[in-house]
Structure formats: C-alpha cells, structure tokens
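Below you'll find the structure, written out as structure tokens, and then a few comments.
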Amino acid sequence: MKKIDAIVRTSRFDDIVNRLRLIGVTGMTIGEVYGISAGTTGDRVSHGQRMQLRSAPRYQLMVVVRDEDAAQVVNAIVHSGRTDAPGDGLVTVGDVIGAMRIRTGETNVDAL
Amino acid sequence: MKKIEAIIKPFKLDDVKDRLREVGVQGMTVYEVKGFGRTGGKTEVFRGSAYVVDFVPKIMIEIVVKDAVLNDVVLALANAAKTGKIGDGKIFVSTIDEAIRIRTGEKGDDAI
C-alpha cells in the first residue's frame with residue numbers, strides 16, 4: 001500500500017476531490033495547513049496595497065491506496081491541481097506496511 | 001521504529017488517549033482533519049456530472065513507537081476507538097527511518 005500526501009491550492013480542492021471520486025477513490029482525509037515556499041511568500045500587490053505574505057493556506061490531502069493504483073491517483077491530483085503558477089503544491093508518496101479498519105478489524109488491503 | 005496514523009471519531013479521543021497511556025505511549029500528535037470513507041460522507045449527482053461531498057470531522061493521531069510494542073499499541077488503539085458503527089476510522093502503519101529529539105540530540109529509539 002502507498003500513502004499519498006498532497007499539499008494543494010484551496011481553489012483547486014473541489015476539482016481534485018471530484019476527479020479522485022470519478023477514478024474510484026473511496027475515502028480520503030483532509031487537513032487545513034499553512035505552507036511556506038519560494039512561490040508563496042514575498043511581496044504581493046492586492047487592491048493597490050503591497051502586502052507581505054508569510055505563509056499560504058493550503059489543503060493537505062491524505063489517501064492510502066493499493067500499490068498499483070498509486071500512479072493513477074498521483075496523476076489525477078497533479079492534473080486537476082495544476083494552475084502553472086508558483087505555489088501549486090507538492091505530492092509525496094510513501095510506503096504503508098499495515099492498515100486496519102477500526103470498526104471491523106479488517107487488515108491491510110481489505111481495510112482500504 | 002514505526003509510525004501509526006489513526007483516523008478516529010473525535011469524541012473517542014479521550015478514551016484512546018487514556019488507553020494508549022496505559023500501554024506506555026508517552027507522546028502523540030493530534031490533528032483536526034476532515035474526511036470521508038466508502039460509506040461515510042454523502043455523494044450526490046448534480047446536473048449529471050458535479051459531485052457534492054460531505055466531509056466529516058475526524059481526529060488524526062500520529063504516534064511513533066518502537067517495533068517491539070507496535071502490535072500492542074495498534075490493538076489498544078483499535079479497541080479504544082471502536083464503536084461498531086460506520087465511521088470508526090482506519091489505522092495506518094509505516095516505517096520511520098530516523099527520529100531525533102531536538103532538545104538533546106538523542107537519536108533512534110532513545111528519542112521516542
């Protein structure tokens with residue numbers, strides 16, 4: 001199993017979730033996070049006023065999927081999350097060695 | 001070392017925390033997250049293509065434990081978080097390569 005962590009723009013969030021549901025992702029967890037990167041900090045001009053941006057709001061998406069589905073899910077997130085402007089976010093993939101559904105005690109792939 | 005990530009019902013947090021302390025877990029990190037699973041949340045078809053997804057508030061607990069106590073901790077967590085109803089959540093386990101206690105610089109098992 002693979003755990004996919006994606007930091008995405010709040011404005012792209014709905015599209016990403018819809019896309020993931022369409023390709024068959026049955027569950028995910030969302031956190032509200034703040035991030036700092038070269039593309040999201042610095043001076044920004046808004047309504048004629050210069051503002052210093054120190055951190056930018058982002059959603060963190062966490063999905064655990066079967067090994068063979070990981071590439072497709074990553075593609076879907078990248079494709080729907082892209083605006084081509086700096087600050088589009090980052091997708092990371094890590095190994096998960098075990099999973100359990102709390103209600104039934106099912107383990108590993110059955111628990112997904 | 002192993003990292004346990006558990007997504008649980010928010011009102012179960014106190015039970016889970018007490019139970020984990022009983023089995024010797026000394027520290028944990030708690031996040032307020034939102035999510036949906038296979039049966040949780042709600043899917044509606046709107047004008048044929050758009051989906052409306054209801055995200056349910058959840059708590060995510062992150063614990064890093066020594067390999068030797070992994071099973072005990074996972075079982076304790078699962079038992080404490082279980083209500084038998086839909087939406088009890090999931091537990092994921094992954095491998096951690098390194099841990100460092102920032103204050104003292106201790107590494108590995110000593111740091112957790």
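Ordered as shown in the structure tokens, chains take letters A, B, and onward, while each chain numbers its residues from 1 and ligands are numbered from 1 in the order shown.
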- Give me, as number ranges by chain, the contact residues of chain B against chain A at a cut-off of 10 Å, counting only C-alpha atoms. B: 2-8, 31-41, 43, 49-53, 55-60, 74-75, 77-95
Expected file contents, prior selection, C-alpha atoms, as an mmCIF file, in the first residue's frame:
data_model
loop_
_atom_site.group_PDB
_atom_site.id
_atom_site.type_symbol
_atom_site.label_atom_id
_atom_site.label_comp_id
_atom_site.auth_asym_id
_atom_site.auth_seq_id
_atom_site.Cartn_x
_atom_site.Cartn_y
_atom_site.Cartn_z
ATOM 1 C CA LYS B 2 7.031 2.558 13.163
ATOM 2 C CA LYS B 3 4.649 5.454 12.678
ATOM 3 C CA ILE B 4 0.997 4.795 13.477
ATOM 4 C CA GLU B 5 -1.540 7.141 11.944
ATOM 5 C CA ALA B 6 -5.071 6.620 13.185
ATOM 6 C CA ILE B 7 -8.136 8.464 11.973
ATOM 7 C CA ILE B 8 -10.820 8.240 14.648
ATOM 8 C CA TYR B 31 -4.675 16.837 14.159
ATOM 9 C CA GLU B 32 -8.178 18.040 13.451
ATOM 10 C CA VAL B 33 -8.966 16.790 9.968
ATOM 11 C CA LYS B 34 -11.933 16.167 7.705
ATOM 12 C CA GLY B 35 -12.556 13.190 5.524
ATOM 13 C CA PHE B 36 -14.863 10.646 4.034
ATOM 14 C CA GLY B 37 -14.700 6.914 3.561
ATOM 15 C CA ARG B 38 -16.517 4.352 1.476
ATOM 16 C CA THR B 39 -19.761 4.702 3.384
ATOM 17 C CA GLY B 40 -19.263 7.977 5.238
ATOM 18 C CA GLY B 41 -19.937 11.334 3.694
ATOM 19 C CA THR B 43 -22.393 11.640 -2.781
ATOM 20 C CA SER B 49 -21.511 15.489 -13.502
ATOM 21 C CA ALA B 50 -20.765 17.561 -10.403
ATOM 22 C CA TYR B 51 -20.399 15.805 -7.095
ATOM 23 C CA VAL B 52 -21.145 17.228 -3.686
ATOM 24 C CA VAL B 53 -19.076 15.590 -0.992
ATOM 25 C CA PHE B 55 -16.602 15.870 4.726
ATOM 26 C CA VAL B 56 -16.990 14.522 8.227
ATOM 27 C CA PRO B 57 -14.810 15.986 11.013
ATOM 28 C CA LYS B 58 -12.287 13.490 12.339
ATOM 29 C CA ILE B 59 -9.248 13.402 14.575
ATOM 30 C CA MET B 60 -5.952 12.065 13.278
ATOM 31 C CA VAL B 74 -2.381 -0.886 17.425
ATOM 32 C CA LEU B 75 -4.690 -3.323 19.230
ATOM 33 C CA LEU B 77 -5.946 1.880 19.788
ATOM 34 C CA ALA B 78 -8.388 -0.184 17.741
ATOM 35 C CA ASN B 79 -10.209 -1.424 20.847
ATOM 36 C CA ALA B 80 -10.484 2.036 22.380
ATOM 37 C CA ALA B 81 -11.664 3.698 19.175
ATOM 38 C CA LYS B 82 -14.211 1.043 18.246
ATOM 39 C CA THR B 83 -17.936 1.790 18.419
ATOM 40 C CA GLY B 84 -19.009 -0.830 15.859
ATOM 41 C CA LYS B 85 -20.756 1.819 13.771
ATOM 42 C CA ILE B 86 -19.839 3.198 10.378
ATOM 43 C CA GLY B 87 -17.154 5.882 10.507
ATOM 44 C CA ASP B 88 -14.911 4.385 13.180
ATOM 45 C CA GLY B 89 -11.883 5.204 11.040
ATOM 46 C CA LYS B 90 -8.691 3.496 9.981
ATOM 47 C CA ILE B 91 -5.198 2.848 11.275
ATOM 48 C CA PHE B 92 -2.156 3.007 9.019
ATOM 49 C CA VAL B 93 1.352 1.826 9.865
ATOM 50 C CA SER B 94 4.531 2.860 8.091
ATOM 51 C CA THR B 95 8.262 2.637 8.711
#
Tell me, which residues of chain B carry DSSP helix (DSSP H, G or I), written as a short mmCIF file (atom, residue, chain, number, x, y, z; two decimals) with C-alpha atoms, in the first residue's frame?
data_model
loop_
_atom_site.label_atom_id
_atom_site.label_comp_id
_atom_site.auth_asym_id
_atom_site.auth_seq_id
_atom_site.Cartn_x
_atom_site.Cartn_y
_atom_site.Cartn_z
CA PRO B 10 -13.43 13.00 17.63
CA PHE B 11 -15.36 12.03 20.78
CA LYS B 12 -13.21 8.92 21.16
CA LEU B 13 -10.01 10.93 21.59
CA ASP B 14 -10.06 10.92 25.39
CA ASP B 15 -10.71 7.16 25.57
CA VAL B 16 -7.94 6.48 23.08
CA LYS B 17 -5.50 8.77 24.87
CA ASP B 18 -6.14 7.13 28.26
CA ARG B 19 -5.85 3.63 26.79
CA LEU B 20 -2.60 4.48 24.98
CA ARG B 21 -1.09 5.88 28.17
CA GLU B 22 -1.93 2.58 29.87
CA ASP B 67 8.91 -2.05 16.63
CA ALA B 68 8.51 -4.31 19.69
CA VAL B 69 5.37 -2.59 21.02
CA LEU B 70 3.71 -1.93 17.65
CA ASN B 71 1.10 -4.72 17.89
CA ASP B 72 0.10 -3.86 21.46
CA VAL B 73 -0.38 -0.21 20.60
CA VAL B 74 -2.38 -0.89 17.42
CA LEU B 75 -4.69 -3.32 19.23
CA ALA B 76 -5.18 -0.95 22.17
CA LEU B 77 -5.95 1.88 19.79
CA ALA B 78 -8.39 -0.18 17.74
CA ASN B 79 -10.21 -1.42 20.85
CA ALA B 80 -10.48 2.04 22.38
CA ALA B 81 -11.66 3.70 19.18
CA GLY B 108 16.59 6.45 17.12
CA ASP B 109 14.74 4.51 19.80
CA ASP B 110 16.15 6.79 22.54
CA ALA B 111 14.38 9.75 21.02
#
- Query: What is the distance, in Å and to one decimal place, between atom CA of A:Tyr34 and atom CA of A:Gly89?
  - Reply: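 Straight-line distance from atom CA of A:Tyr34 to atom CA of A:Gly89 works out to 11.3 Å.
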- Task: Pick out each residue of chain B that DSSP on the backbone tags as strand (DSSP E or B); I need them as a VMD selection string.
- Result: chain B and resid 2 to 8 29 to 36 43 to 46 50 to 53 56 to 65 90 to 95 100 107
Could those selected residues go to a file with N, CA and C atoms, as a compact mmCIF listing (two decimals), in the first residue's frame?
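File result_3.txt, as written:
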# COMPACT_ATOMS: atom_id res chain seq x y z
N LYS B 2 8.20 2.53 14.03
CA LYS B 2 7.03 2.56 13.16
C LYS B 2 6.17 3.78 13.50
N LYS B 3 5.59 4.34 12.47
CA LYS B 3 4.65 5.45 12.68
C LYS B 3 3.23 4.93 12.52
N ILE B 4 2.40 5.19 13.53
CA ILE B 4 1.00 4.79 13.48
C ILE B 4 0.17 6.05 13.24
N GLU B 5 -0.62 6.04 12.19
CA GLU B 5 -1.54 7.14 11.94
C GLU B 5 -2.95 6.58 12.06
N ALA B 6 -3.71 7.12 12.99
CA ALA B 6 -5.07 6.62 13.19
C ALA B 6 -6.05 7.76 12.99
N ILE B 7 -7.07 7.49 12.17
CA ILE B 7 -8.14 8.46 11.97
C ILE B 7 -9.34 7.96 12.74
N ILE B 8 -9.79 8.74 13.73
CA ILE B 8 -10.82 8.24 14.65
C ILE B 8 -11.94 9.26 14.81
N THR B 29 0.78 13.15 18.59
CA THR B 29 0.40 14.40 17.95
C THR B 29 -1.01 14.23 17.41
N VAL B 30 -1.84 15.25 17.63
CA VAL B 30 -3.24 15.15 17.24
C VAL B 30 -3.58 16.25 16.24
N TYR B 31 -4.23 15.86 15.16
CA TYR B 31 -4.67 16.84 14.16
C TYR B 31 -6.19 16.82 14.06
N GLU B 32 -6.76 17.99 13.82
CA GLU B 32 -8.18 18.04 13.45
C GLU B 32 -8.25 17.98 11.94
N VAL B 33 -8.89 16.95 11.42
CA VAL B 33 -8.97 16.79 9.97
C VAL B 33 -10.42 16.57 9.56
N LYS B 34 -10.63 16.53 8.24
CA LYS B 34 -11.93 16.17 7.70
C LYS B 34 -11.72 15.04 6.72
N GLY B 35 -12.74 14.26 6.49
CA GLY B 35 -12.56 13.19 5.52
C GLY B 35 -13.84 12.46 5.22
N PHE B 36 -13.74 11.55 4.27
CA PHE B 36 -14.86 10.65 4.03
C PHE B 36 -14.31 9.28 3.67
N THR B 43 -22.65 11.30 -1.39
CA THR B 43 -22.39 11.64 -2.78
C THR B 43 -23.70 11.98 -3.47
N GLU B 44 -23.74 13.10 -4.14
CA GLU B 44 -24.94 13.45 -4.89
C GLU B 44 -24.55 13.84 -6.30
N VAL B 45 -25.35 13.37 -7.25
CA VAL B 45 -25.11 13.77 -8.63
C VAL B 45 -25.90 15.04 -8.90
N PHE B 46 -25.22 16.06 -9.37
CA PHE B 46 -25.84 17.35 -9.60
C PHE B 46 -25.68 17.70 -11.07
N ALA B 50 -21.42 17.03 -11.60
CA ALA B 50 -20.77 17.56 -10.40
C ALA B 50 -21.14 16.74 -9.18
N TYR B 51 -20.17 16.55 -8.32
CA TYR B 51 -20.40 15.81 -7.10
C TYR B 51 -20.35 16.74 -5.90
N VAL B 52 -21.22 16.52 -4.94
CA VAL B 52 -21.14 17.23 -3.69
C VAL B 52 -20.70 16.22 -2.63
N VAL B 53 -19.61 16.52 -1.97
CA VAL B 53 -19.08 15.59 -0.99
C VAL B 53 -19.17 16.21 0.39
N VAL B 56 -16.64 14.73 6.83
CA VAL B 56 -16.99 14.52 8.23
C VAL B 56 -15.77 14.89 9.08
N PRO B 57 -15.95 15.67 10.17
CA PRO B 57 -14.81 15.99 11.01
C PRO B 57 -14.26 14.75 11.71
N LYS B 58 -12.94 14.63 11.70
CA LYS B 58 -12.29 13.49 12.34
C LYS B 58 -11.05 13.99 13.07
N ILE B 59 -10.51 13.13 13.91
CA ILE B 59 -9.25 13.40 14.57
C ILE B 59 -8.21 12.43 14.03
N MET B 60 -7.04 12.95 13.68
CA MET B 60 -5.95 12.06 13.28
C MET B 60 -4.87 12.08 14.36
N ILE B 61 -4.51 10.89 14.83
CA ILE B 61 -3.47 10.75 15.84
C ILE B 61 -2.22 10.19 15.19
N GLU B 62 -1.09 10.78 15.50
CA GLU B 62 0.17 10.30 14.95
C GLU B 62 1.06 9.88 16.12
N ILE B 63 1.52 8.64 16.11
CA ILE B 63 2.40 8.15 17.17
C ILE B 63 3.57 7.42 16.51
N VAL B 64 4.77 7.63 17.03
CA VAL B 64 5.91 6.83 16.59
C VAL B 64 6.31 5.92 17.74
N VAL B 65 6.39 4.60 17.47
CA VAL B 65 6.67 3.63 18.54
C VAL B 65 7.81 2.70 18.13
N LYS B 90 -9.70 4.47 10.40
CA LYS B 90 -8.69 3.50 9.98
C LYS B 90 -7.38 3.77 10.68
N ILE B 91 -6.53 2.73 10.70
CA ILE B 91 -5.20 2.85 11.27
C ILE B 91 -4.20 2.47 10.19
N PHE B 92 -3.20 3.31 9.99
CA PHE B 92 -2.16 3.01 9.02
C PHE B 92 -0.81 2.93 9.72
N VAL B 93 0.03 2.00 9.27
CA VAL B 93 1.35 1.83 9.87
C VAL B 93 2.41 1.97 8.78
N SER B 94 3.43 2.77 9.04
CA SER B 94 4.53 2.86 8.09
C SER B 94 5.86 2.90 8.84
N THR B 95 6.94 2.72 8.10
CA THR B 95 8.26 2.64 8.71
C THR B 95 8.89 4.02 8.81
N ILE B 100 14.85 12.08 15.96
CA ILE B 100 15.81 12.86 16.73
C ILE B 100 15.05 13.72 17.71
N LYS B 107 19.09 10.06 19.28
CA LYS B 107 18.61 9.54 18.00
C LYS B 107 17.97 8.16 18.17
